[in-house]
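For reference, model34.csv (CSV, C-alpha atoms):
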```
chain,number,residue,atom,x,y,z
A,1,MET,CA,5.5,-21.2,21.9
A,2,THR,CA,8.5,-20.0,24.0
A,3,ILE,CA,12.1,-21.0,24.3
A,4,ARG,CA,11.2,-22.4,27.8
A,5,ASP,CA,8.7,-24.8,26.2
A,6,VAL,CA,11.4,-26.0,23.8
A,7,ALA,CA,13.8,-26.5,26.7
A,8,ALA,CA,11.3,-28.5,28.7
A,9,ALA,CA,10.3,-30.7,25.8
A,10,ALA,CA,14.0,-31.4,25.0
A,11,GLY,CA,15.0,-31.9,28.6
A,12,VAL,CA,17.7,-29.3,28.5
A,13,SER,CA,18.3,-25.8,29.8
A,14,VAL,CA,17.2,-22.6,28.2
A,15,ALA,CA,20.8,-21.7,27.7
A,16,THR,CA,21.4,-24.9,25.7
A,17,VAL,CA,18.4,-24.1,23.4
A,18,SER,CA,19.8,-20.6,22.9
A,19,LYS,CA,23.2,-22.1,21.9
A,20,VAL,CA,21.5,-24.4,19.4
A,21,ILE,CA,19.4,-21.5,17.9
A,22,ASN,CA,22.4,-19.3,17.6
A,23,GLN,CA,24.7,-22.2,16.5
A,24,ARG,CA,27.2,-21.6,19.2
A,25,TYR,CA,29.8,-24.1,20.6
A,26,GLY,CA,29.4,-26.1,23.7
A,27,VAL,CA,26.6,-28.5,22.7
A,28,SER,CA,27.2,-32.1,21.8
A,29,ALA,CA,26.0,-33.4,18.4
A,30,ASP,CA,23.3,-35.6,19.9
A,31,THR,CA,21.9,-32.8,22.1
A,32,PHE,CA,22.0,-30.4,19.2
A,33,ALA,CA,20.1,-32.9,17.0
A,34,ARG,CA,17.5,-33.5,19.8
A,35,VAL,CA,16.9,-29.8,20.4
A,36,GLN,CA,16.7,-29.1,16.7
A,37,ALA,CA,14.1,-31.9,16.3
A,38,VAL,CA,12.0,-30.4,19.1
A,39,ILE,CA,12.2,-26.9,17.5
A,40,ASN,CA,11.1,-28.3,14.2
A,41,GLU,CA,8.3,-30.3,15.8
A,42,LEU,CA,6.9,-27.4,17.9
A,43,GLY,CA,7.4,-24.9,15.1
A,44,TYR,CA,9.4,-22.6,17.4
A,45,GLU,CA,10.8,-19.3,16.0
A,46,ALA,CA,12.9,-16.9,18.0
A,47,SER,CA,11.2,-13.5,18.5
A,48,LEU,CA,12.5,-10.9,16.2
A,49,VAL,CA,12.2,-8.4,19.0
A,50,ALA,CA,14.2,-10.5,21.4
A,51,GLN,CA,16.8,-11.3,18.7
A,52,SER,CA,17.3,-7.7,17.9
A,53,LEU,CA,17.7,-6.8,21.6
A,54,ARG,CA,20.5,-9.4,21.8
A,55,ASN,CA,22.2,-8.9,18.5
A,56,HIS,CA,21.1,-5.4,17.5
A,57,ARG,CA,20.2,-7.0,14.1
A,58,THR,CA,17.2,-8.9,12.9
A,59,ASN,CA,18.3,-9.6,9.3
A,60,VAL,CA,14.8,-8.5,8.3
A,61,ILE,CA,14.0,-5.7,5.8
A,62,GLY,CA,10.7,-3.9,5.9
A,63,ILE,CA,8.8,-2.8,2.8
A,64,LEU,CA,6.1,-0.2,3.4
A,65,VAL,CA,3.4,0.2,0.8
A,66,ALA,CA,0.3,2.4,0.8
A,67,ASP,CA,-1.8,-0.5,-0.6
A,68,LEU,CA,-1.4,-3.9,-2.2
A,69,GLU,CA,-2.3,-3.0,-5.8
A,70,PRO,CA,-0.7,-4.0,-9.1
A,71,PHE,CA,2.2,-1.6,-9.0
A,72,SER,CA,3.3,-2.5,-5.4
A,73,THR,CA,2.7,-6.2,-6.1
A,74,GLU,CA,5.0,-6.2,-9.1
A,75,LEU,CA,7.6,-4.2,-7.1
A,76,LEU,CA,7.4,-6.8,-4.3
A,77,LYS,CA,8.1,-9.5,-6.8
A,78,GLY,CA,11.3,-7.7,-7.7
A,79,ALA,CA,12.2,-7.3,-4.1
A,80,GLY,CA,11.7,-11.0,-3.6
A,81,ASP,CA,14.0,-11.8,-6.5
A,82,ALA,CA,16.8,-9.6,-5.0
A,83,ILE,CA,16.5,-10.8,-1.4
A,84,ARG,CA,17.4,-14.4,-2.3
A,85,GLY,CA,20.9,-15.4,-1.1
A,86,THR,CA,21.4,-12.2,0.9
A,87,GLY,CA,20.6,-13.8,4.3
A,88,PHE,CA,17.8,-11.2,4.8
A,89,GLU,CA,14.1,-11.8,5.0
A,90,LEU,CA,11.3,-9.5,4.0
A,91,VAL,CA,8.3,-8.2,5.9
A,92,VAL,CA,5.6,-6.3,4.1
A,93,TYR,CA,3.6,-3.6,5.9
A,94,SER,CA,0.6,-2.3,4.1
A,95,ALA,CA,-1.4,0.8,5.1
A,96,GLY,CA,-4.4,-1.0,3.6
A,97,GLY,CA,-5.2,1.9,1.3
A,98,ARG,CA,-5.9,4.3,4.2
A,99,THR,CA,-3.4,6.9,3.1
A,100,SER,CA,-4.9,8.9,0.4
A,101,ASP,CA,-5.8,11.8,2.7
A,102,HIS,CA,-2.9,11.4,5.1
A,103,VAL,CA,0.3,12.9,3.9
A,104,GLY,CA,3.1,11.5,6.0
A,105,TRP,CA,1.7,8.0,6.5
A,106,GLU,CA,5.1,6.5,6.1
A,107,ARG,CA,6.4,8.3,9.2
A,108,ARG,CA,3.7,6.8,11.4
A,109,TYR,CA,4.0,3.3,10.0
A,110,LEU,CA,7.8,3.3,9.9
A,111,SER,CA,7.8,4.2,13.6
A,112,ARG,CA,5.9,1.0,14.3
A,113,LEU,CA,8.7,-1.1,12.8
A,114,SER,CA,11.6,1.0,14.1
A,115,GLY,CA,14.2,-0.1,16.6
A,116,THR,CA,13.4,-3.8,17.0
A,117,LEU,CA,11.7,-5.4,14.0
A,118,VAL,CA,13.7,-4.4,10.8
A,119,ASP,CA,17.3,-3.4,10.0
A,120,GLY,CA,16.2,-1.1,7.2
A,121,ALA,CA,13.2,-0.2,5.1
A,122,VAL,CA,12.0,0.4,1.5
A,123,LEU,CA,9.2,3.1,1.2
A,124,VAL,CA,7.1,2.6,-1.9
A,125,THR,CA,5.6,5.8,-3.3
A,126,PRO,CA,6.1,7.8,-0.1
A,127,THR,CA,4.4,11.2,0.3
A,128,VAL,CA,7.3,12.6,2.2
A,129,VAL,CA,11.0,11.6,2.3
A,130,ASP,CA,12.2,13.6,5.3
A,131,VAL,CA,11.8,10.6,7.6
A,132,GLN,CA,13.9,10.1,10.8
A,133,TYR,CA,14.4,6.4,11.4
A,134,GLY,CA,17.9,5.7,12.6
A,135,ALA,CA,18.4,2.9,10.1
A,136,PRO,CA,18.9,2.8,6.3
A,137,VAL,CA,15.8,3.7,4.2
A,138,VAL,CA,15.4,3.7,0.4
A,139,ALA,CA,12.4,5.4,-1.3
A,140,VAL,CA,10.9,4.0,-4.5
A,141,ASP,CA,9.0,6.4,-6.8
A,142,PRO,CA,8.8,9.2,-4.1
A,143,HIS,CA,5.9,11.6,-4.7
A,144,THR,CA,8.1,14.6,-4.1
A,145,GLY,CA,11.0,13.6,-6.3
A,146,ALA,CA,14.6,13.3,-5.3
A,147,SER,CA,15.7,13.7,-1.7
A,148,ASP,CA,18.6,13.0,0.6
A,149,LEU,CA,17.4,9.4,0.8
A,150,PRO,CA,18.5,7.0,-1.8
A,151,THR,CA,15.7,6.9,-4.5
A,152,ILE,CA,14.6,4.7,-7.3
A,153,ASP,CA,12.2,5.9,-10.0
A,154,SER,CA,11.6,5.7,-13.7
A,155,ASP,CA,11.7,8.2,-16.5
A,156,ASN,CA,8.2,9.5,-16.4
A,157,LEU,CA,8.8,12.5,-18.6
A,158,ARG,CA,10.3,10.4,-21.4
A,159,GLY,CA,7.6,7.7,-21.1
A,160,ALA,CA,4.8,10.2,-21.5
A,161,ARG,CA,6.4,11.7,-24.5
A,162,LEU,CA,6.7,8.2,-26.1
A,163,ALA,CA,3.0,7.6,-25.5
A,164,THR,CA,1.9,10.9,-26.9
A,165,GLU,CA,4.3,10.7,-29.9
A,166,HIS,CA,2.9,7.2,-30.7
A,167,LEU,CA,-0.6,8.6,-31.0
A,168,LEU,CA,0.6,11.6,-33.0
A,169,GLU,CA,2.4,9.3,-35.4
A,170,LEU,CA,-0.9,7.4,-35.9
A,171,GLY,CA,-2.5,10.6,-37.1
A,172,HIS,CA,-4.4,11.6,-33.9
A,173,ARG,CA,-4.6,15.3,-33.0
A,174,ARG,CA,-7.4,15.3,-30.5
A,175,ILE,CA,-5.6,13.5,-27.8
A,176,ALA,CA,-6.9,13.6,-24.3
A,177,LEU,CA,-4.9,13.1,-21.1
A,178,LEU,CA,-6.4,11.3,-18.1
A,179,GLY,CA,-3.8,12.3,-15.6
A,180,GLY,CA,-2.7,11.1,-12.2
A,181,ARG,CA,-2.9,12.8,-8.9
A,182,PRO,CA,-1.8,16.5,-9.4
A,183,ASP,CA,0.2,16.5,-6.1
A,184,LEU,CA,2.5,13.6,-7.2
A,185,GLN,CA,5.6,14.3,-9.2
A,186,SER,CA,5.2,11.3,-11.4
A,187,ALA,CA,1.8,12.6,-12.5
A,188,GLN,CA,3.2,16.1,-13.1
A,189,LEU,CA,6.0,14.7,-15.2
A,190,ARG,CA,3.6,12.6,-17.3
A,191,GLU,CA,1.5,15.6,-18.0
A,192,GLN,CA,4.6,17.6,-18.8
A,193,GLY,CA,5.7,15.0,-21.3
A,194,TYR,CA,2.2,14.9,-22.9
A,195,ARG,CA,2.3,18.7,-23.3
A,196,GLU,CA,5.8,18.8,-24.7
A,197,ALA,CA,5.0,16.1,-27.3
A,198,LEU,CA,2.0,18.0,-28.5
A,199,ARG,CA,3.9,21.3,-28.6
A,200,ALA,CA,6.8,19.7,-30.5
A,201,ALA,CA,4.3,18.5,-33.1
A,202,GLY,CA,2.6,21.9,-33.4
A,203,VAL,CA,-0.6,20.7,-31.9
A,204,PRO,CA,-2.2,23.1,-29.4
A,205,VAL,CA,-3.3,21.7,-26.1
A,206,ASP,CA,-7.1,21.8,-25.6
A,207,GLU,CA,-7.4,22.2,-21.9
A,208,ARG,CA,-10.9,20.6,-22.0
A,209,LEU,CA,-9.1,17.4,-22.9
A,210,VAL,CA,-6.9,17.4,-19.8
A,211,GLN,CA,-8.7,15.6,-17.0
A,212,VAL,CA,-7.7,14.0,-13.7
A,213,GLY,CA,-8.0,10.3,-13.1
A,214,ALA,CA,-5.9,10.3,-9.9
A,215,TYR,CA,-4.3,6.9,-10.8
A,216,ASP,CA,-7.6,5.4,-9.6
A,217,PRO,CA,-9.9,3.4,-11.9
A,218,GLU,CA,-13.0,4.3,-9.9
A,219,VAL,CA,-12.1,8.0,-10.0
A,220,SER,CA,-11.3,7.8,-13.8
A,221,VAL,CA,-14.7,6.6,-14.8
A,222,LYS,CA,-16.5,10.0,-14.5
A,223,PRO,CA,-13.9,12.1,-16.5
A,224,ALA,CA,-13.5,9.3,-19.1
A,225,ARG,CA,-17.3,9.3,-19.6
A,226,GLU,CA,-17.4,13.1,-19.9
A,227,LEU,CA,-14.6,13.0,-22.5
A,228,LEU,CA,-16.1,10.3,-24.6
A,229,SER,CA,-19.6,11.6,-24.5
A,230,SER,CA,-18.8,15.1,-25.7
A,231,PRO,CA,-19.8,16.1,-29.3
A,232,ASP,CA,-16.2,16.8,-30.2
A,233,ARG,CA,-14.8,13.8,-28.3
A,234,PRO,CA,-11.1,12.9,-28.5
A,235,THR,CA,-10.0,10.2,-31.0
A,236,ALA,CA,-7.3,9.0,-28.5
A,237,VAL,CA,-6.6,9.0,-24.8
A,238,PHE,CA,-3.3,8.8,-22.9
A,239,ALA,CA,-4.1,7.6,-19.4
A,240,ALA,CA,-1.4,8.1,-16.8
A,241,ASN,CA,-1.6,4.5,-15.6
A,242,ASP,CA,-2.9,1.2,-16.9
A,243,LEU,CA,-5.8,0.9,-14.4
A,244,SER,CA,-7.2,4.2,-15.6
A,245,ALA,CA,-6.6,3.2,-19.2
A,246,ILE,CA,-8.5,-0.1,-18.7
A,247,ALA,CA,-11.3,1.8,-17.0
A,248,THR,CA,-11.5,4.1,-20.1
A,249,ILE,CA,-11.8,1.0,-22.3
A,250,GLU,CA,-14.7,-0.2,-20.2
A,251,VAL,CA,-16.4,3.2,-20.5
A,252,ALA,CA,-15.9,3.3,-24.2
A,253,GLU,CA,-17.6,-0.1,-24.5
A,254,GLU,CA,-20.5,1.1,-22.5
A,255,LEU,CA,-20.9,4.1,-24.8
A,256,GLY,CA,-20.8,1.9,-27.9
A,257,LEU,CA,-17.3,3.0,-29.0
A,258,ARG,CA,-14.9,0.4,-30.3
A,259,VAL,CA,-11.3,0.3,-29.3
A,260,PRO,CA,-9.2,0.9,-31.3
A,261,GLN,CA,-11.5,1.4,-34.4
A,262,ASP,CA,-13.2,4.4,-32.8
A,263,LEU,CA,-10.8,5.3,-30.0
A,264,SER,CA,-7.1,4.6,-29.4
A,265,ILE,CA,-5.9,4.3,-25.8
A,266,VAL,CA,-2.5,4.2,-24.3
A,267,GLY,CA,-1.7,3.5,-20.6
A,268,PHE,CA,1.4,3.6,-18.4
A,269,ASP,CA,3.1,1.0,-16.2
A,270,ASN,CA,2.7,-2.3,-18.2
A,271,ILE,CA,1.2,-4.2,-15.2
A,272,PRO,CA,0.2,-7.8,-16.0
A,273,GLU,CA,-3.5,-6.7,-16.3
A,274,SER,CA,-2.6,-4.6,-19.4
A,275,VAL,CA,-2.0,-7.6,-21.6
A,276,LEU,CA,-5.1,-9.3,-20.3
A,277,SER,CA,-7.5,-6.4,-21.1
A,278,THR,CA,-9.7,-6.5,-24.2
A,279,PRO,CA,-8.1,-5.4,-26.4
A,280,PRO,CA,-4.6,-5.8,-25.0
A,281,LEU,CA,-3.4,-2.4,-23.9
A,282,THR,CA,-0.7,-0.4,-25.6
A,283,THR,CA,1.3,1.1,-22.7
A,284,VAL,CA,4.5,2.6,-21.5
A,285,GLU,CA,6.5,0.1,-19.5
A,286,GLN,CA,8.3,1.3,-16.4
A,287,PRO,CA,10.5,-1.6,-15.1
A,288,ILE,CA,8.6,-2.0,-11.8
A,289,ARG,CA,10.2,-5.3,-10.8
A,290,THR,CA,13.7,-3.9,-11.5
A,291,MET,CA,12.8,-0.9,-9.3
A,292,GLY,CA,12.1,-3.4,-6.5
A,293,GLN,CA,15.4,-5.2,-7.1
A,294,ARG,CA,17.5,-2.1,-7.2
A,295,ALA,CA,16.0,-0.8,-4.0
A,296,ILE,CA,16.8,-4.0,-2.1
A,297,GLU,CA,20.3,-4.1,-3.5
A,298,ILE,CA,21.0,-0.6,-2.3
A,299,LEU,CA,19.4,-1.2,1.1
A,300,VAL,CA,21.4,-4.4,1.7
A,301,LYS,CA,24.6,-2.5,1.0
A,302,LEU,CA,23.7,0.3,3.3
A,303,ILE,CA,22.8,-2.1,6.1
A,304,ARG,CA,26.1,-3.8,5.7
A,305,GLY,CA,27.9,-0.5,5.9
A,306,GLU,CA,28.9,-0.5,2.2
A,307,SER,CA,28.6,2.4,-0.2
A,308,PRO,CA,26.4,1.8,-3.2
A,309,GLU,CA,27.7,3.0,-6.5
A,310,GLN,CA,24.5,5.1,-7.1
A,311,THR,CA,22.0,6.4,-4.7
A,312,HIS,CA,19.6,8.2,-7.1
A,313,ILE,CA,18.6,5.9,-10.0
A,314,THR,CA,16.2,6.7,-12.8
A,315,LEU,CA,15.3,3.7,-15.0
A,316,ALA,CA,14.4,3.9,-18.6
A,317,THR,CA,10.8,3.6,-19.9
A,318,ARG,CA,9.8,2.1,-23.2
A,319,LEU,CA,6.6,1.9,-25.4
A,320,VAL,CA,4.9,-1.4,-25.7
A,321,VAL,CA,2.5,-1.4,-28.7
A,322,ARG,CA,-0.4,-3.8,-28.5
A,323,GLN,CA,-4.0,-3.7,-30.0
A,324,SER,CA,-5.6,-0.7,-28.3
A,325,THR,CA,-4.1,1.8,-30.8
A,326,ARG,CA,-4.4,2.2,-34.5
A,327,ALA,CA,-4.0,4.8,-37.3
A,328,LEU,CA,-6.7,7.4,-37.5
```
Hey, can you dump this file as structure tokens for me?
Amino acid sequence: MTIRDVAAAAGVSVATVSKVINQRYGVSADTFARVQAVINELGYEASLVAQSLRNHRTNVIGILVADLEPFSTELLKGAGDAIRGTGFELVVYSAGGRTSDHVGWERRYLSRLSGTLVDGAVLVTPTVVDVQYGAPVVAVDPHTGASDLPTIDSDNLRGARLATEHLLELGHRRIALLGGRPDLQSAQLREQGYREALRAAGVPVDERLVQVGAYDPEVSVKPARELLSSPDRPTAVFAANDLSAIATIEVAEELGLRVPQDLSIVGFDNIPESVLSTPPLTTVEQPIRTMGQRAIEILVKLIRGESPEQTHITLATRLVVRQSTRAL
């Protein structure tokens, strides 16, 4: 459907339709109503590309995610909350999970949106932050940590300490870590927090209990099974994200171990799935929806030429105790 189709159906010129779409003067009330009725009937929408070429603005914000999984989905909910009333719209661009072996995916996908489709972009868990775009960009949970770009993340170090300290307070000493991807700063900080909490309690780290789950439930199954099948298995596991923790619960069930009677498990994220697991998962909450909200708030200000009060924000994490942990 084109603007010429609308003009023909309404019996007016293309210029008149353009005035109606852009709410400009010079169109009578009757003609305006007739053209608007045709637009509604035909379902016409002005091309974002054409609009941007005319106005140098689309009023659209792009959100680029590596995949649509629980973390990014929760973040999108927060972005949706923040966009209301701003006059902007959201377009979500997913790499469809095809990014695990391709550092710099955000550069390639951002270039597809650049110039004509969006006025700015939010990059979710980007692998690199030295992107050249020519419009405002905000990074959420960047893999490499802080950068020249505005960034939003959560206190991964403190969160990991809270998880490990909780298990220590319950009497556990053989506490395994099912870590995230070693190349990601969030995973490094969560491992650091785990080690610091053990060290502060005078508990030596058994390196055999430190395994990689890569934030991936499918990857986590093998190291979880190895940990829980060993003769001197751990009495507790801190998994670096909820999906890996839930996978560990499932492995424990396969091996005949009861959670939390035989094994305590703590996750990280507090995604909706954590409360639906059996048993409900004790986890560290990072405010994912708030991260999405703050990213949009900063980006809108930047697009409008305003200066945000903060450009590097680290949000607090907190322990959420449910039924997957108990005293040893």
Just the number, please: distance in Å from atom CA of A:Lys19 to atom CA of A:Leu42, one decimal. 17.6 Å
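Near stretch 177-184 of chain A, within a cut-off of 6 Å and counting only C-alpha atoms, sit the residues A:His143, A:Ala187, A:Val210, A:Gln211, A:Val212, A:Gly213, A:Ala214, A:Tyr215, A:Val237, A:Phe238, A:Ala239, A:Ala240, with same-chain residues fewer than 3 positions away left out.
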Residue with smallest distance to A:Val140 - pool A:Leu299, A:Leu281, A:Leu90, A:Val6, counting only C-alpha atoms: A:Leu299
Separation of atom CA of A:Arg84 and atom CA of A:Ile63, in Å?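 Taking atom CA of A:Arg84 and atom CA of A:Ile63, their separation equals 15.3 Å.
Nearest-residue note for A:Leu319: choosing from A:Val251, A:Val219, A:Ala163, A:Leu257, the minimum distance belongs to A:Ala163, counting all atoms listed in the file.
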Using only C-alpha atoms, the shortest atom-to-atom distance to A:Ser324 among A:Leu167, A:Ile271, A:Leu209, A:Ala9 belongs to A:Leu167
Looking at all atoms listed in the file, which of A:Thr235, A:Ser220, A:Ser154, A:Gln36 is the one that sits closest to A:Asp262?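 Checking each of A:Thr235, A:Ser220, A:Ser154, A:Gln36 against A:Asp262, counting all atoms listed in the file, the winner is A:Thr235.
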Residue contacts of A:Arg258 (12 Å, only C-alpha atoms) excluding same-chain residues fewer than 3 positions away, as a list of chain:residue names: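 The neighbour list is A:Leu228, A:Thr235, A:Ala236, A:Thr248, A:Ile249, A:Glu250, A:Val251, A:Ala252, A:Glu253, A:Glu254, A:Leu255, A:Gln261, A:Asp262, A:Leu263, A:Ser264, A:Ile265, A:Thr278, A:Pro279, A:Gln323, A:Ser324, A:Thr325, A:Arg326.
Put simply, atom CA of A:Gly96 is 11.4 Å away from atom CA of A:Tyr109.
Compared by their closest atoms to A:Asn270, and using all atoms listed in the file, the residues A:Ile288, A:Leu162, A:Ala95, A:Ala29 rank with A:Ile288 nearest.
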Can you work out which one of A:Ile303, A:Ile61, A:Ala197, A:Val124 has the shortest atom-to-atom distance to A:Arg158, counting all atoms listed in the file? A:Ala197
Polymer residues at most 12 Å from (8.2, -25.4, 17.1) by all atoms listed in the file, as a PyMOL selection string: chain A and resi 1-7+9-10+21+35-46
Export of prior selection with C-alpha atoms as a PDB file, keeping the file's coordinate frame:
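Output file selection_34.pdb is given in full below:
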```
ATOM      1  CA  MET A   1       5.500 -21.200  21.900  1.00  0.00           C
ATOM      2  CA  THR A   2       8.500 -20.000  24.000  1.00  0.00           C
ATOM      3  CA  ILE A   3      12.100 -21.000  24.300  1.00  0.00           C
ATOM      4  CA  ARG A   4      11.200 -22.400  27.800  1.00  0.00           C
ATOM      5  CA  ASP A   5       8.700 -24.800  26.200  1.00  0.00           C
ATOM      6  CA  VAL A   6      11.400 -26.000  23.800  1.00  0.00           C
ATOM      7  CA  ALA A   7      13.800 -26.500  26.700  1.00  0.00           C
ATOM      8  CA  ALA A   9      10.300 -30.700  25.800  1.00  0.00           C
ATOM      9  CA  ALA A  10      14.000 -31.400  25.000  1.00  0.00           C
ATOM     10  CA  ILE A  21      19.400 -21.500  17.900  1.00  0.00           C
ATOM     11  CA  VAL A  35      16.900 -29.800  20.400  1.00  0.00           C
ATOM     12  CA  GLN A  36      16.700 -29.100  16.700  1.00  0.00           C
ATOM     13  CA  ALA A  37      14.100 -31.900  16.300  1.00  0.00           C
ATOM     14  CA  VAL A  38      12.000 -30.400  19.100  1.00  0.00           C
ATOM     15  CA  ILE A  39      12.200 -26.900  17.500  1.00  0.00           C
ATOM     16  CA  ASN A  40      11.100 -28.300  14.200  1.00  0.00           C
ATOM     17  CA  GLU A  41       8.300 -30.300  15.800  1.00  0.00           C
ATOM     18  CA  LEU A  42       6.900 -27.400  17.900  1.00  0.00           C
ATOM     19  CA  GLY A  43       7.400 -24.900  15.100  1.00  0.00           C
ATOM     20  CA  TYR A  44       9.400 -22.600  17.400  1.00  0.00           C
ATOM     21  CA  GLU A  45      10.800 -19.300  16.000  1.00  0.00           C
ATOM     22  CA  ALA A  46      12.900 -16.900  18.000  1.00  0.00           C
TER      23      ALA A  46
END
```
So that I can see what lies close to A:Leu76, please list as number ranges by chain the residues with an atom at most 12 Å from it, counting all atoms listed in the file and leaving out residues fewer than 2 positions away in the same chain. A: 62-65, 67-74, 78-83, 90-94, 122-124, 140, 288-296
